[in-house]
Amino acid sequence: MLDRREFMLLAAAAAGAAAGCAGQGRTPEPQESYTPARPAVDVTFEPGETEIDLGGVSVRTWVYNGRLPGKEIRIRKGDRLRAPVTNKLPADTSIHWHGLAIVNKMDGVPPLTQSPIPAGGDFTYDFVVPDGGTYWYHSHVGTQLDRGLYGPLIVEDPDEKADYDEELVLVLDDWIDGTGTNPDRVFEDLRRTGMKPMAPGGPGVSPTTPLGADGGDVTYPYFLVNGRVPADPEVRDHRAGQRIRLRVINAGSDTAFRIAVPNTTLNVIATDGYPVMPAQATSVILGMGERVDATFTVDSSVPVVAVPEGKQGHAQLNIRVADKPNTVNADDFVAAVRKEAPLDTATLSPTPEVTLPPRDPDQVIDATLSGPNPHYTWPFAGRLYDPTKDGIAVKRDQRVRMRMANESMMFHPIHLHGHTFQVVGRDAPRARKDTVLVPPKQTVQVDFQTDNPGKWITHCHNTYHLEGGMAGWIFYQS
Ligand SMILES: [Cu+2]
């Protein structure tokens, strides 16, 4: 078997002709006409109801193609993805390609960008993938993301200079479906009973509790890495000395996670698909929808843990190295990780190639985040999401700043479709991302270039906050 370094050399040699597509090397122009040099990648999707074994825990749930997570899509930057969907669910559905700046009508957000795919219906997604990096796909209808309708989407970039031997993709999730309730009922309960009492004494934001005291609104019985509970985790065999690239995706609905490896400093190289100046961290915090890429060298058998912020329990995957047994007690390690100050990827510096050219904003969108209001509603910019009424008008080829002032006592990971924004730092630009954590009672600003016309939703990636109205949408024409 080729290891990754050898593979990338071959791939780079083979890819010469595929250059010329838009992407991370400059301000993306996703609407340019592409001429993919390679045949389309075909991936069929059958969302349906099935029995899934989470590792000794059996649940009836909704997944793609009978598996959890959905199958990994691995594609190369500039390639065309064709994904026919046959909906076997008893409900409308869609697929959103999280983080990819693709053509608007393929964004998968009914009713804004397409009609929902009805039960028994078909729809084919077909688009060119503009940028390399760690992405994912998931349903964008109702509370379906908090079932099992998600999977990883890895876009390889032959020009990327990352140095590692093997990859390890970790999809994190908080799980409740099929455990005596389901996400629709969870949401109805939240609507009926409203919120739990607020934590006394303010938001409680500190370096070791960067998202404050309120971890979320839903109590989950399980936390998963790659569809497995920690009692029976996925086991991956590696050799001592191998350099691993972690690609971590938070597919949770109401849970931020800290990711950490015992006795290891992670070398963080990318977030939300975009490269950052490498930074060292012993743990990284990820809101729902966020991703991080980090490398480290394997030394012995260890648990890789994902620690749910402000919630009991953890998720885990085991790295196994022959003749180097694990000596770490996972529960002790989880407790230690909780006491640390984790890295927030928004604070990282972008590499020069993906830094937006300096420019004053042409327009500022005040996206105040508030709630919860009665009946579990969460306003965005002072109103509840309504795709049938006017969105926020912006103009093409402008620099738009979105100012997110969180007036609530809970954190919100805010996601913008169709673009990758740049987090505004006090003195210097911060990471290019598509999802950013906004801690309680704090303000985060992001800048983006209007280079991909259409109707684009921007929303909290807490599934229940989104259902409670925490979204707006921008629009502009070409
Ligand atoms: Cu939220």
# chains A, B, ... in the order shown; residues from 1 in each chain; ligands from 1

$ select_by_dssp --residues "region 118-320 of chain A" --states "alpha helix (DSSP H)" --output "VMD selection string"
chain A and resid 183 to 193

$ residues_around --residues "Arg191 (chain A)" --least-positions-apart "6" --cutoff "9 Å" --atoms "only C-alpha atoms" --output "VMD selection string"
chain A and resid 374 to 377 468

$ residues_near_ligand --ligand "ligand 1" --cutoff "9 Å" --atoms "only C-alpha atoms and all ligand atoms" --output "ChimeraX atom specification"
/A:254,369-371,378,410-414,438,459-466,470

$ closest_residue --among "A:Tyr137, A:Tyr150, A:Trp175, A:Tyr164" --to "Arg60 (chain A)" --atoms "only C-alpha atoms"
A:Trp175

$ atom_distance --atom1 "CA of Gly108 (chain A)" --atom2 "CA of Val141 (chain A)"
9.0 Å

$ closest_atom_pairs --of "region 314-426 of chain A" --to "region 242-247 of chain A" --cutoff "12 Å" --atoms "only C-alpha atoms" --output "Markdown table"
| residue | atom | partner | partner_atom | distance |
| --- | --- | --- | --- | --- |
| A:Leu317 | CA | A:Leu246 | CA | 11.7 |
| A:Ile319 | CA | A:Ile244 | CA | 10.6 |
| A:Arg320 | CA | A:Gln242 | CA | 12.0 |
| A:Val321 | CA | A:Gln242 | CA | 10.1 |

$ write_last_selection --atoms "N, CA and C atoms" --output "compact mmCIF listing (two decimals), in the first residue's frame"
# COMPACT_ATOMS: atom_id res chain seq x y z
N LEU A 317 -12.45 7.30 20.25
CA LEU A 317 -11.97 6.35 19.24
C LEU A 317 -10.62 5.87 19.74
N ILE A 319 -6.84 4.44 19.16
CA ILE A 319 -5.70 4.15 18.30
C ILE A 319 -4.94 2.99 18.94
N ARG A 320 -4.68 1.97 18.12
CA ARG A 320 -4.00 0.79 18.65
C ARG A 320 -2.64 0.65 17.97
N VAL A 321 -1.60 0.55 18.80
CA VAL A 321 -0.25 0.33 18.29
C VAL A 321 0.23 -1.00 18.86
